[in-house]
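Just start.cif here, mmCIF, C-alpha atoms and all ligand atoms:
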```cif
data_entry
loop_
_atom_site.label_atom_id
_atom_site.label_comp_id
_atom_site.auth_asym_id
_atom_site.auth_seq_id
_atom_site.Cartn_x
_atom_site.Cartn_y
_atom_site.Cartn_z
CA MET M 1126 43.03 -3.03 -2.34
CA ASP M 1127 44.24 -4.36 -5.62
CA ASN M 1128 43.61 -1.34 -7.83
CA ASP M 1129 44.64 -2.89 -11.12
CA SER M 1130 42.26 -5.80 -11.01
CA ILE M 1131 39.43 -3.51 -10.00
CA ASP M 1132 40.24 -1.23 -12.92
CA GLN M 1133 40.26 -4.22 -15.21
CA ILE M 1134 36.80 -5.29 -14.08
CA ILE M 1135 35.42 -1.80 -14.54
CA ASP M 1136 37.11 -1.13 -17.87
CA LYS M 1137 35.52 -4.18 -19.45
CA GLN M 1138 32.06 -2.69 -18.87
CA ARG M 1139 32.88 0.96 -19.55
CA GLY M 1140 29.84 3.01 -20.54
CA LYS M 1141 27.41 0.19 -19.76
CA PRO M 1142 25.12 1.21 -16.91
CA GLY M 1143 23.28 -2.10 -17.23
CA SER M 1144 26.33 -3.99 -15.97
CA LEU M 1145 26.32 -2.24 -12.61
CA ILE M 1146 25.35 -5.20 -10.44
CA GLN M 1147 27.66 -7.57 -12.28
CA VAL M 1148 30.60 -5.20 -11.85
CA LEU M 1149 29.89 -4.70 -8.16
CA MET M 1150 29.70 -8.46 -7.68
CA GLU M 1151 33.01 -9.03 -9.43
CA ILE M 1152 34.75 -6.37 -7.36
CA GLN M 1153 33.30 -7.77 -4.19
CA ASP M 1154 34.50 -11.21 -5.23
CA LYS M 1155 38.07 -10.00 -5.73
CA ASN M 1156 38.25 -7.60 -2.82
CA GLN M 1157 35.72 -9.01 -0.31
CA TRP M 1158 34.14 -5.59 0.09
CA LEU M 1159 33.37 -2.40 -1.87
CA PRO M 1160 35.53 0.59 -0.94
CA ARG M 1161 34.13 4.07 -1.58
CA GLU M 1162 36.84 4.86 -4.16
CA ALA M 1163 35.87 1.78 -6.13
CA LEU M 1164 32.22 2.85 -6.11
CA GLU M 1165 33.19 6.31 -7.32
CA LYS M 1166 35.19 4.78 -10.13
CA VAL M 1167 32.30 2.48 -11.06
CA SER M 1168 29.98 5.49 -11.15
CA GLU M 1169 32.29 7.43 -13.43
CA LYS M 1170 33.24 4.66 -15.85
CA LEU M 1171 29.86 2.98 -16.16
CA GLU M 1172 28.17 6.37 -16.35
CA VAL M 1173 25.79 5.67 -13.49
CA PRO M 1174 25.15 8.46 -10.94
CA LEU M 1175 26.93 7.79 -7.65
CA SER M 1176 23.62 8.01 -5.78
CA ARG M 1177 22.30 5.10 -7.82
CA VAL M 1178 25.46 3.06 -7.30
CA LEU M 1179 25.06 3.59 -3.55
CA ARG M 1180 21.38 2.74 -3.68
CA ILE M 1181 22.14 -0.61 -5.30
CA ALA M 1182 25.18 -1.30 -3.14
CA THR M 1183 23.19 -0.72 0.05
CA PHE M 1184 20.11 -2.58 -1.16
CA TYR M 1185 21.57 -6.06 -1.61
CA LYS M 1186 22.80 -7.90 1.45
CA THR M 1187 25.61 -9.48 -0.57
CA PHE M 1188 27.40 -6.17 -0.96
CA LYS M 1189 29.66 -5.10 1.88
CA LEU M 1190 30.57 -1.46 2.29
CA ILE M 1191 32.94 -2.08 5.16
CA PRO M 1192 35.98 -4.38 5.16
CA GLU M 1193 35.37 -8.01 6.02
CA GLY M 1194 37.08 -9.58 9.01
CA ARG M 1195 39.57 -12.42 8.59
CA HIS M 1196 36.99 -14.84 9.98
CA LYS M 1197 33.35 -14.93 9.06
CA ILE M 1198 30.78 -16.07 11.56
CA HIS M 1199 27.33 -17.02 10.34
CA ILE M 1200 24.68 -17.67 12.94
CA CYS M 1201 21.47 -19.32 11.88
CA THR M 1202 18.35 -17.64 13.20
CA GLY M 1203 15.94 -19.63 11.05
CA THR M 1204 12.85 -21.16 12.61
CA ALA M 1205 14.38 -24.44 13.79
CA CYS M 1206 17.47 -22.79 15.26
CA HIS M 1207 15.34 -20.03 16.71
CA VAL M 1208 13.27 -22.45 18.80
CA ARG M 1209 16.42 -24.31 19.78
CA GLY M 1210 18.01 -21.19 21.23
CA ALA M 1211 19.71 -19.27 18.42
CA GLN M 1212 19.26 -16.05 20.37
CA ARG M 1213 21.53 -17.35 23.14
CA VAL M 1214 24.17 -18.29 20.59
CA LEU M 1215 23.89 -14.86 19.02
CA ASP M 1216 24.10 -13.12 22.41
CA THR M 1217 27.17 -15.14 23.34
CA VAL M 1218 28.96 -14.35 20.11
CA GLN M 1219 28.01 -10.68 20.32
CA ASP M 1220 29.36 -10.50 23.87
CA LEU M 1221 32.60 -12.24 22.97
CA THR M 1222 33.32 -10.33 19.77
CA GLY M 1223 31.72 -7.01 20.66
CA ILE M 1224 30.02 -6.77 17.27
CA LYS M 1225 26.46 -7.03 16.04
CA PRO M 1226 25.22 -8.74 12.87
CA GLY M 1227 26.47 -6.88 9.82
CA GLU M 1228 29.51 -5.54 11.65
CA THR M 1229 33.25 -6.17 11.69
CA ASP M 1230 35.45 -5.50 14.69
CA PRO M 1231 38.15 -2.79 14.47
CA ASP M 1232 40.96 -5.38 14.36
CA LEU M 1233 39.29 -6.96 11.33
CA LYS M 1234 39.29 -10.29 13.13
CA PHE M 1235 35.61 -11.26 12.92
CA SER M 1236 32.61 -10.38 10.78
CA LEU M 1237 29.22 -11.44 12.03
CA GLU M 1238 26.10 -12.20 10.00
CA THR M 1239 22.82 -13.90 10.76
CA VAL M 1240 21.41 -16.28 8.15
CA ASN M 1241 18.07 -17.97 7.79
CA CYS M 1242 19.01 -21.60 7.26
CA LEU M 1243 22.25 -23.48 6.95
CA GLY M 1244 20.54 -26.64 5.79
CA CYS M 1245 21.11 -28.79 8.88
CA CYS M 1246 18.22 -27.95 11.17
CA THR M 1247 18.55 -31.16 13.22
CA LEU M 1248 21.89 -29.83 14.48
CA GLY M 1249 20.35 -26.58 15.70
CA PRO M 1250 21.27 -24.15 17.00
CA VAL M 1251 23.90 -23.94 14.30
CA LEU M 1252 26.69 -21.53 13.60
CA GLU M 1253 29.35 -21.53 10.97
CA ILE M 1254 32.84 -20.11 11.28
CA ASP M 1255 34.75 -19.76 8.02
CA GLY M 1256 32.51 -22.35 6.43
CA LYS M 1257 32.97 -24.92 9.21
CA THR M 1258 29.69 -25.95 10.84
CA PHE M 1259 29.17 -26.20 14.59
CA GLY M 1260 25.97 -27.93 15.67
CA LYS M 1261 24.11 -27.99 18.99
CA ALA M 1262 26.17 -24.96 19.88
CA ALA M 1263 26.52 -24.30 23.62
CA PRO M 1264 27.80 -20.94 24.86
CA ALA M 1265 30.84 -22.41 26.67
CA GLU M 1266 31.97 -24.35 23.61
CA ILE M 1267 31.55 -21.31 21.42
CA ALA M 1268 33.76 -19.30 23.74
CA ASP M 1269 36.48 -21.97 23.56
CA GLU M 1270 36.19 -22.20 19.81
CA LEU M 1271 36.41 -18.46 19.19
CA LYS M 1272 39.65 -18.27 21.18
CA LYS M 1273 41.34 -20.40 18.53
CA TYR M 1274 41.03 -17.75 15.85
CA GLU M 1275 43.72 -15.17 15.24
CA MET T 68 -4.86 11.45 -29.80
CA SER T 69 -8.29 10.06 -29.36
CA GLU T 70 -10.65 11.26 -26.72
CA ILE T 71 -11.93 8.93 -24.04
CA ILE T 72 -14.99 9.62 -21.95
CA ILE T 73 -14.78 8.34 -18.41
CA GLN T 74 -17.01 8.85 -15.44
CA ILE T 75 -15.63 10.36 -12.26
CA ASP T 76 -17.89 10.69 -9.23
CA GLY T 77 -20.91 10.44 -11.50
CA ARG T 78 -19.72 13.12 -13.94
CA ASP T 79 -18.68 12.49 -17.52
CA VAL T 80 -15.12 13.67 -18.05
CA ALA T 81 -13.35 13.89 -21.38
CA ALA T 82 -9.77 12.67 -21.25
CA ARG T 83 -7.02 12.09 -23.75
CA GLU T 84 -5.54 8.65 -24.25
CA GLY T 85 -2.46 8.17 -22.07
CA MET T 86 -3.69 10.47 -19.33
CA THR T 87 -3.83 9.16 -15.80
CA ILE T 88 -7.01 9.21 -13.73
CA LEU T 89 -5.44 11.96 -11.63
CA GLU T 90 -4.79 14.16 -14.67
CA ALA T 91 -8.29 13.61 -15.99
CA ALA T 92 -9.76 14.50 -12.60
CA GLN T 93 -7.64 17.63 -12.39
CA THR T 94 -8.79 18.89 -15.79
CA ALA T 95 -12.36 18.50 -14.55
CA GLY T 96 -11.61 20.31 -11.32
CA ILE T 97 -12.04 17.20 -9.17
CA THR T 98 -9.55 16.95 -6.34
CA ILE T 99 -7.74 13.75 -5.46
CA PRO T 100 -5.23 14.06 -2.64
CA THR T 101 -1.58 13.36 -3.50
CA LEU T 102 1.68 13.34 -1.59
CA CYS T 103 4.31 11.88 -3.87
CA HIS T 104 2.97 13.36 -7.11
CA HIS T 105 4.63 16.32 -8.84
CA GLU T 106 3.69 17.51 -12.30
CA LYS T 107 7.29 17.91 -13.42
CA LEU T 108 8.18 14.38 -12.41
CA GLU T 109 7.41 10.93 -13.72
CA PRO T 110 4.52 9.22 -11.90
CA TYR T 111 5.89 7.27 -8.95
CA GLY T 112 3.07 5.73 -6.93
CA ALA T 113 4.79 5.60 -3.56
CA CYS T 114 2.35 7.10 -1.09
CA ARG T 115 -0.95 5.55 -2.22
CA ILE T 116 -2.95 8.42 -0.78
CA CYS T 117 -4.43 8.95 -4.25
CA THR T 118 -6.10 5.53 -4.13
CA VAL T 119 -9.48 5.53 -5.87
CA GLU T 120 -12.07 2.90 -6.61
CA ILE T 121 -12.60 2.00 -10.23
CA GLU T 122 -15.20 -0.07 -11.95
CA ASN T 123 -14.63 -1.64 -15.29
CA ARG T 124 -16.54 -4.45 -16.98
CA GLY T 125 -18.47 -4.99 -13.78
CA ARG T 126 -15.42 -5.39 -11.53
CA THR T 127 -14.39 -3.03 -8.76
CA ARG T 128 -10.74 -2.43 -7.94
CA LEU T 129 -8.57 -0.04 -5.98
CA VAL T 130 -5.85 1.70 -7.96
CA ALA T 131 -3.44 4.60 -7.58
CA ALA T 132 -4.96 7.49 -9.53
CA CYS T 133 -1.56 9.04 -10.26
CA LEU T 134 -0.47 5.92 -12.17
CA TYR T 135 -3.58 4.37 -13.68
CA PRO T 136 -4.19 5.34 -17.31
CA VAL T 137 -7.72 6.21 -18.37
CA GLU T 138 -9.53 3.63 -20.43
CA LYS T 139 -12.85 3.39 -22.22
CA ASP T 140 -15.97 3.14 -20.03
CA LEU T 141 -14.01 3.55 -16.82
CA VAL T 142 -16.04 4.52 -13.77
CA VAL T 143 -14.08 6.17 -10.98
CA ARG T 144 -15.08 6.97 -7.43
CA THR T 145 -12.67 9.33 -5.70
CA ARG T 146 -14.49 9.11 -2.38
CA SER T 147 -16.25 6.10 -0.96
CA GLU T 148 -16.34 4.46 2.41
CA LYS T 149 -13.61 2.06 1.39
CA VAL T 150 -11.38 4.71 -0.18
CA ASP T 151 -11.73 7.00 2.82
CA ARG T 152 -10.88 4.20 5.19
CA ILE T 153 -7.74 3.33 3.24
CA ARG T 154 -6.60 6.94 3.11
CA LYS T 155 -7.19 7.24 6.84
CA VAL T 156 -4.94 4.26 7.61
CA ILE T 157 -2.25 5.44 5.20
CA LEU T 158 -2.25 8.80 6.94
CA GLU T 159 -2.07 7.20 10.35
CA LEU T 160 0.92 5.16 9.27
CA LEU T 161 2.67 8.17 7.77
CA LEU T 162 1.93 10.26 10.85
CA ALA T 163 3.78 7.70 12.96
CA HIS T 164 6.86 8.82 11.05
CA ALA T 165 6.19 12.52 10.62
CA PRO T 166 3.60 13.68 13.19
CA GLU T 167 4.44 17.35 12.68
CA ALA T 168 4.05 17.53 8.89
CA THR T 169 1.42 20.17 8.08
CA GLU T 170 0.38 18.56 4.81
CA LEU T 171 -0.37 15.32 6.64
CA GLN T 172 -2.20 17.11 9.42
CA VAL T 173 -4.52 18.85 6.97
CA LEU T 174 -5.38 15.53 5.32
CA ALA T 175 -5.69 13.84 8.70
CA LYS T 176 -8.38 16.29 9.67
CA GLU T 177 -10.32 15.62 6.50
CA TYR T 178 -10.15 11.84 6.83
CA GLY T 179 -10.41 11.64 10.59
CA ALA T 180 -6.98 10.06 10.97
CA ASP T 181 -5.60 9.73 14.48
CA LYS T 182 -1.93 10.68 14.57
CA ASP T 183 -1.36 8.65 17.71
CA ARG T 184 -2.89 5.43 16.49
CA PHE T 185 0.45 3.78 15.78
CA GLU T 186 3.55 3.93 17.90
CA LYS T 187 5.78 6.81 16.88
CA GLU T 188 8.80 5.98 14.82
CA SER T 189 10.01 9.42 13.99
CA SER T 190 12.13 8.99 10.92
CA PHE T 191 10.47 12.23 9.69
CA CYS T 192 10.88 11.12 6.08
CA ILE T 193 7.82 9.51 4.48
CA LEU T 194 9.85 8.24 1.52
CA CYS T 195 7.79 10.13 -1.03
CA GLY T 196 10.91 10.44 -3.16
CA LEU T 197 10.13 14.00 -4.28
CA CYS T 198 13.60 15.25 -3.33
CA VAL T 199 15.40 12.30 -4.89
CA ARG T 200 13.40 12.39 -8.10
CA TYR T 201 13.48 16.16 -8.49
CA CYS T 202 17.25 16.19 -8.18
CA ALA T 203 17.59 13.35 -10.68
CA GLU T 204 14.87 14.17 -13.20
CA VAL T 205 14.73 17.96 -13.24
CA LYS T 206 18.18 19.05 -12.06
CA LYS T 207 19.97 15.93 -13.33
CA LYS T 208 22.45 16.17 -10.44
CA HIS T 209 21.65 13.06 -8.39
CA ALA T 210 22.90 14.74 -5.22
CA VAL T 211 20.40 12.99 -3.02
CA GLY T 212 19.39 9.34 -3.21
CA PHE T 213 17.83 6.44 -1.38
CA VAL T 214 20.01 4.02 0.53
CA ASP T 215 19.40 0.79 2.40
CA ARG T 216 16.25 -1.33 2.18
CA GLY T 217 13.04 -2.24 3.91
CA THR T 218 12.40 -0.49 7.20
CA GLY T 219 15.92 0.94 7.16
CA ARG T 220 15.43 2.74 3.85
CA GLU T 221 16.28 6.43 4.00
CA ILE T 222 17.42 9.36 1.91
CA SER T 223 21.00 10.42 1.91
CA PHE T 224 22.86 13.29 0.32
CA ILE T 225 25.96 12.20 -1.54
CA PRO T 226 28.66 14.44 -0.02
CA GLU T 227 30.84 14.30 -3.14
CA ILE T 228 28.01 15.76 -5.24
CA ALA T 229 26.21 17.82 -2.59
CA SER T 230 29.35 19.82 -1.82
CA ARG T 231 29.45 20.97 -5.44
CA GLU T 232 25.79 21.36 -6.32
CA CYS T 233 23.50 21.96 -3.39
CA TRP T 234 24.67 25.25 -1.99
CA ASN T 235 23.26 27.27 -4.86
CA CYS T 236 20.18 25.19 -5.55
CA LYS T 237 18.18 23.82 -2.62
CA GLU T 238 15.15 23.69 -4.90
CA CYS T 239 14.12 20.42 -3.29
CA PHE T 240 13.62 22.00 0.15
CA PRO T 241 10.09 23.34 -0.43
CA LEU T 242 9.02 20.04 -2.03
CA CYS T 243 9.51 17.99 1.12
CA PRO T 244 6.27 17.45 3.05
CA THR T 245 8.27 16.93 6.26
CA GLU T 246 11.43 18.29 7.85
CA ALA T 247 13.48 15.24 6.95
CA LEU T 248 15.14 16.70 3.89
CA GLN T 249 16.50 19.85 5.46
CA ALA T 250 17.68 17.89 8.48
CA ALA T 251 19.54 15.48 6.22
CA TYR T 252 21.08 18.39 4.36
CA VAL T 253 22.27 20.15 7.49
CA LEU T 254 23.83 16.91 8.65
CA THR T 255 25.63 16.42 5.36
CA GLU T 256 26.78 20.01 5.40
CA ALA T 257 28.25 19.53 8.87
CA LEU T 258 30.04 16.39 7.70
CA ILE T 259 31.35 18.11 4.62
CA SER T 260 32.66 21.18 6.40
CA SER T 261 34.39 19.10 9.08
CA SER T 262 36.09 16.89 6.52
CA PRO T 263 39.13 18.36 4.77
CA SER T 264 38.54 16.37 1.60
CA PHE T 265 35.43 18.37 0.72
CA LYS T 266 35.09 22.04 0.18
CA LEU T 267 31.81 23.90 -0.09
CA GLU T 268 31.56 25.91 -3.27
CA ALA T 269 30.48 28.97 -1.38
CA GLU T 270 33.67 29.04 0.64
CA GLU T 271 35.91 29.24 -2.37
S1 LIG W 1 13.12 13.79 2.60
FE1 LIG W 1 11.12 14.73 2.27
S2 LIG W 1 10.97 14.93 0.02
FE2 LIG W 1 12.62 13.50 0.43
S3 LIG W 1 11.66 11.45 0.37
FE3 LIG W 1 11.64 12.12 2.53
S4 LIG W 1 9.66 13.10 2.83
FE4 LIG W 1 9.99 12.98 0.60
S1 LIG W 2 0.18 10.48 -5.34
FE1 LIG W 2 -0.36 8.58 -6.20
S2 LIG W 2 0.78 7.18 -5.01
FE2 LIG W 2 1.43 9.11 -4.20
#
```
Would you mind giving the structure from this file in structure tokens?
Amino acid sequence: MDNDSIDQIIDKQRGKPGSLIQVLMEIQDKNQWLPREALEKVSEKLEVPLSRVLRIATFYKTFKLIPEGRHKIHICTGTACHVRGAQRVLDTVQDLTGIKPGETDPDLKFSLETVNCLGCCTLGPVLEIDGKTFGKAAPAEIADELKKYE
Amino acid sequence: MSEIIIQIDGRDVAAREGMTILEAAQTAGITIPTLCHHEKLEPYGACRICTVEIENRGRTRLVAACLYPVEKDLVVRTRSEKVDRIRKVILELLLAHAPEATELQVLAKEYGADKDRFEKESSFCILCGLCVRYCAEVKKKHAVGFVDRGTGREISFIPEIASRECWNCKECFPLCPTEALQAAYVLTEALISSSPSFKLEAEE
């Protein structure tokens, strides 16, 4: 991780416990996830107990405490996609990648998340890989698509 | 501080402004059950077992006695059909998590709660927060905290702090109404002693 830029973010808010969430968001933005050492540093410099930093960092879904994969898969499990077979899409992706929602594989290739709406329900079931949308997703097509990612 | 007269279970009780219903009841020797309340800690209102019925300006409401401040002309009922029913369900829900907890069993008997009513989900912890708050408010060590959210919420010792502070304290152990706290501690201890980056104070 880029230690200097993390230090910079933290140093700006030194001694300001109220800036906790903002600082965590900025670090996450720069680094994609929140390493333990960064959280310890945040705790020390912002003068917030580590237990509280962890409470906040584990409460919000935005914050990641494990490294993110190179490719991010978002599967919609909202109502429309649900009735159109989101579970099958999810099962397929889980089988192919070996990870569950919220996880990253050991090679840091994929991270998987479920979301509640991607804003294009008529295309359901929908999934998104690195921001690119795939509509009416069929298991075979998903398998082909996932092979393209390194 | 001005005195306020309130009525609890038909008795007039003198209370000071700023007191909670629970405190006023205690001074009058009236018992209201509590699980997450501790006199050394800030009121928290997590367990809701202290729910009582109040009547003010003709309206009836249910409030947590450990949080609700006394006010003029307040009428409080610590037991009523409604209150008892609510306490019973709360106990049944908590017992799904910690069926063995003695404190819960005693209350269950009194309110006729069935420990098998809901499917068991033995997390053991009932999230009363006594351990977390005692460590933060009284000991000011913050060695144990809450993590995660919703149904996944649980307590967790922070190894970095626990390895320094807990060995000689453990004052939170007797506060826990269940076995969750000690189990979590033993787990953390095992993690700490198997990881070279931590060293228990007692070993040094
Ligand atoms: S571990 Fe025990 S004291 Fe701590 S929150 Fe859970 S039930 Fe309460
Ligand atoms: S004692 Fe009042 S909510 Fe727990």
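Between chain M and the candidates T:Asn235, T:Ser260, T:Ser223, T:Gln74, the tightest atom-to-atom separation, counting only C-alpha atoms, involves T:Ser223.
Across the structure, atom CA of Ile75 of chain T and atom CA of Asp181 of chain T are spaced 28.6 Å apart.
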Subject >> Site check for ligand LIG 2 (chain W): residues at most 8 Å away, all atoms listed in the file, as a list of chain:residue names >> reply: T:Pro100, T:Thr101, T:Leu102, T:Cys103, T:His104, T:Pro110, T:Tyr111, T:Gly112, T:Ala113, T:Cys114, T:Arg115, T:Ile116, T:Cys117, T:Thr118, T:Ala131, T:Ala132, T:Cys133, T:Leu134, T:Cys195
**OP:** Could the residues of chain T within 8 Å of chain M, counting all atoms listed in the file, be given as a count of residues only, please?
**Re:** 9
**OP:** Write out as a count of residues only the residues lying within 8 Å of segment 1205-1218 of chain M, counting all atoms listed in the file and excluding same-chain residues fewer than 4 positions away.
**Re:** 14
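Each residue with an atom within 8 Å of any atom of ligand LIG 1 (chain W) appears in the list, which was built counting only C-alpha atoms and all ligand atoms: Cys103, Phe191, Cys192, Ile193, Leu194, Cys195, Gly196, Leu197, Cys198, Val199, Glu221, Ile222, Cys239, Phe240, Leu242, Cys243, Pro244, Thr245, Glu246, Ala247, Leu248, Gln249 and Ala251 of chain T.
Reported to one decimal place, the separation of atom CA of Leu1171 of chain M from atom CA of Ser1144 of chain M is 7.8 Å.
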**OP:** In the coordinate frame of the file, compute which residues have an atom within 12 Å of (-15.7, 6.4, -4.0) when using all atoms listed in the file, and state them as a list of chain:residue names.
**Re:** T:Gln74, T:Ile75, T:Asp76, T:Gly77, T:Ile99, T:Cys117, T:Thr118, T:Val119, T:Glu120, T:Ile121, T:Glu122, T:Thr127, T:Arg128, T:Leu129, T:Val130, T:Val142, T:Val143, T:Arg144, T:Thr145, T:Arg146, T:Ser147, T:Glu148, T:Lys149, T:Val150, T:Asp151, T:Arg152, T:Ile153, T:Arg154
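Reported to one decimal place, the separation of atom CA of Gln1219 of chain M from atom CA of Leu1190 of chain M is 20.4 Å.
The neighbours of Val80 of chain T here are the residues that come within 9 Å of it, using only C-alpha atoms and leaving out any residue fewer than 5 positions away in the same chain; they are Ile71, Ile72, Ile73, Gln74, Ile75, Ala91, Ala92, Thr94 and Ala95 of chain T.
Nearest to Glu159 of chain T of all the residues T:Ile259, T:Leu174, T:Cys236, T:Ile228 is T:Leu174, based on only C-alpha atoms.
Summary of the local environment: counting all atoms listed in the file, residues at most 6 Å from Glu1228 of chain M, other than itself and those fewer than 4 positions away along its chain, are Ile1224, Ser1236 and Leu1237 of chain M.
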Take segment 70-78 of chain T, bring it up to all heavy atoms, and give me the output as a PDB file, keeping the file's coordinate frame.
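Now in out39.pdb:
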```pdb
ATOM      1  N   GLU T  70     -10.045  10.859 -27.983  1.00  0.00           N
ATOM      2  CA  GLU T  70     -10.650  11.260 -26.720  1.00  0.00           C
ATOM      3  C   GLU T  70     -11.374  10.079 -26.077  1.00  0.00           C
ATOM      4  O   GLU T  70     -11.967   9.248 -26.750  1.00  0.00           O
ATOM      5  CB  GLU T  70     -11.637  12.398 -26.980  1.00  0.00           C
ATOM      6  CG  GLU T  70     -11.971  13.183 -25.746  1.00  0.00           C
ATOM      7  CD  GLU T  70     -12.747  14.445 -26.104  1.00  0.00           C
ATOM      8  OE1 GLU T  70     -13.944  14.323 -26.398  1.00  0.00           O
ATOM      9  OE2 GLU T  70     -12.152  15.543 -26.081  1.00  0.00           O
ATOM     10  N   ILE T  71     -11.270  10.012 -24.776  1.00  0.00           N
ATOM     11  CA  ILE T  71     -11.930   8.930 -24.040  1.00  0.00           C
ATOM     12  C   ILE T  71     -12.854   9.577 -23.026  1.00  0.00           C
ATOM     13  O   ILE T  71     -12.455  10.512 -22.338  1.00  0.00           O
ATOM     14  CB  ILE T  71     -10.904   8.050 -23.304  1.00  0.00           C
ATOM     15  CG1 ILE T  71      -9.951   7.396 -24.296  1.00  0.00           C
ATOM     16  CG2 ILE T  71     -11.595   7.002 -22.442  1.00  0.00           C
ATOM     17  CD1 ILE T  71      -8.869   6.560 -23.661  1.00  0.00           C
ATOM     18  N   ILE T  72     -14.080   9.084 -22.969  1.00  0.00           N
ATOM     19  CA  ILE T  72     -14.990   9.620 -21.950  1.00  0.00           C
ATOM     20  C   ILE T  72     -14.994   8.674 -20.757  1.00  0.00           C
ATOM     21  O   ILE T  72     -15.246   7.470 -20.906  1.00  0.00           O
ATOM     22  CB  ILE T  72     -16.441   9.754 -22.486  1.00  0.00           C
ATOM     23  CG1 ILE T  72     -16.482  10.564 -23.792  1.00  0.00           C
ATOM     24  CG2 ILE T  72     -17.355  10.351 -21.415  1.00  0.00           C
ATOM     25  CD1 ILE T  72     -16.242  12.037 -23.633  1.00  0.00           C
ATOM     26  N   ILE T  73     -14.678   9.173 -19.609  1.00  0.00           N
ATOM     27  CA  ILE T  73     -14.780   8.340 -18.410  1.00  0.00           C
ATOM     28  C   ILE T  73     -15.730   9.017 -17.429  1.00  0.00           C
ATOM     29  O   ILE T  73     -16.085  10.186 -17.606  1.00  0.00           O
ATOM     30  CB  ILE T  73     -13.415   8.090 -17.735  1.00  0.00           C
ATOM     31  CG1 ILE T  73     -12.813   9.393 -17.203  1.00  0.00           C
ATOM     32  CG2 ILE T  73     -12.448   7.436 -18.699  1.00  0.00           C
ATOM     33  CD1 ILE T  73     -11.635   9.180 -16.285  1.00  0.00           C
ATOM     34  N   GLN T  74     -16.102   8.274 -16.421  1.00  0.00           N
ATOM     35  CA  GLN T  74     -17.010   8.850 -15.440  1.00  0.00           C
ATOM     36  C   GLN T  74     -16.285   8.968 -14.096  1.00  0.00           C
ATOM     37  O   GLN T  74     -15.725   7.995 -13.594  1.00  0.00           O
ATOM     38  CB  GLN T  74     -18.221   7.920 -15.295  1.00  0.00           C
ATOM     39  CG  GLN T  74     -19.446   8.624 -14.777  1.00  0.00           C
ATOM     40  CD  GLN T  74     -20.487   7.618 -14.335  1.00  0.00           C
ATOM     41  OE1 GLN T  74     -20.395   7.050 -13.258  1.00  0.00           O
ATOM     42  NE2 GLN T  74     -21.470   7.364 -15.195  1.00  0.00           N
ATOM     43  N   ILE T  75     -16.232  10.189 -13.575  1.00  0.00           N
ATOM     44  CA  ILE T  75     -15.630  10.360 -12.260  1.00  0.00           C
ATOM     45  C   ILE T  75     -16.668  10.940 -11.314  1.00  0.00           C
ATOM     46  O   ILE T  75     -17.243  11.994 -11.598  1.00  0.00           O
ATOM     47  CB  ILE T  75     -14.399  11.313 -12.301  1.00  0.00           C
ATOM     48  CG1 ILE T  75     -13.391  10.857 -13.369  1.00  0.00           C
ATOM     49  CG2 ILE T  75     -13.733  11.390 -10.936  1.00  0.00           C
ATOM     50  CD1 ILE T  75     -12.149  11.721 -13.474  1.00  0.00           C
ATOM     51  N   ASP T  76     -16.896  10.274 -10.223  1.00  0.00           N
ATOM     52  CA  ASP T  76     -17.890  10.690  -9.230  1.00  0.00           C
ATOM     53  C   ASP T  76     -19.228  11.055  -9.883  1.00  0.00           C
ATOM     54  O   ASP T  76     -19.828  12.083  -9.573  1.00  0.00           O
ATOM     55  CB  ASP T  76     -17.370  11.885  -8.417  1.00  0.00           C
ATOM     56  CG  ASP T  76     -16.202  11.485  -7.537  1.00  0.00           C
ATOM     57  OD1 ASP T  76     -16.006  10.276  -7.324  1.00  0.00           O
ATOM     58  OD2 ASP T  76     -15.467  12.375  -7.072  1.00  0.00           O
ATOM     59  N   GLY T  77     -19.628  10.237 -10.855  1.00  0.00           N
ATOM     60  CA  GLY T  77     -20.910  10.440 -11.500  1.00  0.00           C
ATOM     61  C   GLY T  77     -20.913  11.469 -12.617  1.00  0.00           C
ATOM     62  O   GLY T  77     -21.930  11.678 -13.271  1.00  0.00           O
ATOM     63  N   ARG T  78     -19.778  12.131 -12.855  1.00  0.00           N
ATOM     64  CA  ARG T  78     -19.720  13.120 -13.940  1.00  0.00           C
ATOM     65  C   ARG T  78     -18.970  12.555 -15.126  1.00  0.00           C
ATOM     66  O   ARG T  78     -17.966  11.860 -14.959  1.00  0.00           O
ATOM     67  CB  ARG T  78     -18.975  14.361 -13.446  1.00  0.00           C
ATOM     68  CG  ARG T  78     -19.867  15.367 -12.742  1.00  0.00           C
ATOM     69  CD  ARG T  78     -19.032  16.453 -12.112  1.00  0.00           C
ATOM     70  NE  ARG T  78     -18.173  17.122 -13.080  1.00  0.00           N
ATOM     71  CZ  ARG T  78     -17.206  17.979 -12.712  1.00  0.00           C
ATOM     72  NH1 ARG T  78     -16.991  18.240 -11.437  1.00  0.00           N
ATOM     73  NH2 ARG T  78     -16.463  18.570 -13.618  1.00  0.00           N
TER      74      ARG T  78
END
```
